[in-house]
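Let me begin by presenting the structure, written as structure tokens, before commenting on it.
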Amino acid sequence: PALARAQKLQLRAATVGFDWCDIQGVETKLAEEVQELLAAISGEGNKANIEEETGDLLFSCVNLARHLGIDPESALRKTNIKFEKRFFYIEQELARQNKSPEQASLEEMEKLWQEAKNRTVS
């Protein structure tokens with residue numbers, strides 16, 4: 001998996017001193033990568049450039065997780081499960097209203113998403 005590969009590459013670089021000395025450096029780099037991606041999206045960035053900036057952002061997220069002592073693969077897996085449960089809640093609630101997600105507005109689905117969050121559907 002690419003997340004695991006990014007983590008391995010970063011660990012290897014860190015062993016020779018190519019690493020941020022504190023979390024603030026990682027946070028600054030993460031914010032920089034977000035801005036670069038947003039600039040590529042809103043500017044004249046082509047798809048290849050946007051893809052590259054997306055990759056840089058994901059790589060920086062893995063680096064942040066590493067600095068926090070969190071396994072990014074595990075964290076993403078847990079988030080996927082949480083998303084699945086919340087989205088299933090949306091589908092169930094819409095079905096009770098005799099609606100499919102395609103028939104519901106984004107606002108309706110967002111309201112149900114917030115309900116799922118508040119009910120700690122995680």
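Simple scheme: letters A, B, ... for chains in structure tokens order, numbers from 1 for residues in each chain, numbers from 1 for ligands in the order shown.
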- Message: as a list of chain:residue names, please: the residues near stretch 55-72 of chain A (cut-off 7 Å, only C-alpha atoms, same-chain neighbours under 2 positions excluded).
- Response: A:Leu3, A:Ala6, A:Gln7, A:Gln10, A:Ile23, A:Val26, A:Leu30, A:Glu33, A:Val34, A:Glu51, A:Glu52, A:Glu53, A:Ser74, A:Ala75, A:Leu76
- Message: Going by DSSP on the backbone, which residues of chain A come out as alpha helix (DSSP H)? List them as a ChimeraX atom specification.
- Response: /A:2-15,23-42,47-68,72-96,106-118
Which residues, written as a short mmCIF file (atom, residue, chain, number, x, y, z; two decimals) with N, CA, C and O atoms, in the first residue's frame, have at least one atom at most 12 Å from stretch 91-93 of chain A, with only C-alpha atoms counted and residues fewer than 5 positions away on the same chain left out?
```
data_model
loop_
_atom_site.label_atom_id
_atom_site.label_comp_id
_atom_site.auth_asym_id
_atom_site.auth_seq_id
_atom_site.Cartn_x
_atom_site.Cartn_y
_atom_site.Cartn_z
N GLU A 84 -18.50 4.51 6.36
CA GLU A 84 -19.47 3.49 5.93
C GLU A 84 -20.69 3.47 6.83
O GLU A 84 -21.82 3.42 6.34
N LYS A 85 -20.48 3.47 8.12
CA LYS A 85 -21.59 3.42 9.08
C LYS A 85 -22.47 4.66 8.97
O LYS A 85 -23.70 4.56 8.99
N ARG A 86 -21.85 5.81 8.86
CA ARG A 86 -22.63 7.05 8.77
C ARG A 86 -23.40 7.12 7.45
O ARG A 86 -24.55 7.55 7.43
N ASN A 98 -38.97 6.67 2.03
CA ASN A 98 -39.21 6.18 0.66
C ASN A 98 -38.43 6.98 -0.38
O ASN A 98 -38.95 7.30 -1.45
N LYS A 99 -37.18 7.28 -0.04
CA LYS A 99 -36.30 8.02 -0.95
C LYS A 99 -35.00 7.24 -1.10
O LYS A 99 -34.57 6.54 -0.20
N SER A 100 -34.38 7.44 -2.25
CA SER A 100 -33.03 6.92 -2.46
C SER A 100 -32.07 8.11 -2.29
O SER A 100 -32.50 9.27 -2.37
N PRO A 101 -30.80 7.85 -2.10
CA PRO A 101 -29.85 8.96 -2.02
C PRO A 101 -29.88 9.85 -3.27
O PRO A 101 -29.71 11.06 -3.17
N GLU A 102 -30.13 9.23 -4.41
CA GLU A 102 -30.18 10.01 -5.66
C GLU A 102 -31.35 10.99 -5.67
O GLU A 102 -31.31 12.02 -6.35
N GLN A 103 -32.40 10.68 -4.92
CA GLN A 103 -33.58 11.55 -4.87
C GLN A 103 -33.47 12.63 -3.80
O GLN A 103 -34.26 13.56 -3.79
N ALA A 104 -32.51 12.49 -2.91
CA ALA A 104 -32.36 13.45 -1.81
C ALA A 104 -31.41 14.57 -2.22
O ALA A 104 -30.51 14.38 -3.04
N GLU A 108 -30.30 17.61 2.53
CA GLU A 108 -30.97 16.54 3.29
C GLU A 108 -29.96 15.51 3.78
O GLU A 108 -30.00 15.07 4.94
N MET A 109 -29.05 15.13 2.89
CA MET A 109 -28.06 14.12 3.27
C MET A 109 -27.09 14.68 4.31
O MET A 109 -26.71 13.96 5.23
N GLU A 110 -26.74 15.93 4.20
CA GLU A 110 -25.85 16.55 5.19
C GLU A 110 -26.51 16.59 6.56
O GLU A 110 -25.87 16.34 7.59
N LYS A 111 -27.81 16.88 6.59
CA LYS A 111 -28.55 16.89 7.85
C LYS A 111 -28.52 15.50 8.49
O LYS A 111 -28.29 15.36 9.70
N LEU A 112 -28.74 14.48 7.68
CA LEU A 112 -28.71 13.11 8.18
C LEU A 112 -27.29 12.72 8.62
O LEU A 112 -27.11 12.00 9.61
N TRP A 113 -26.29 13.21 7.90
CA TRP A 113 -24.90 12.95 8.28
C TRP A 113 -24.63 13.52 9.68
O TRP A 113 -24.03 12.86 10.52
N GLU A 115 -26.85 14.08 11.97
CA GLU A 115 -27.58 13.24 12.92
C GLU A 115 -26.76 11.99 13.26
O GLU A 115 -26.67 11.62 14.43
N ALA A 116 -26.20 11.36 12.25
CA ALA A 116 -25.40 10.16 12.46
C ALA A 116 -24.21 10.48 13.35
O ALA A 116 -23.87 9.73 14.27
#
```
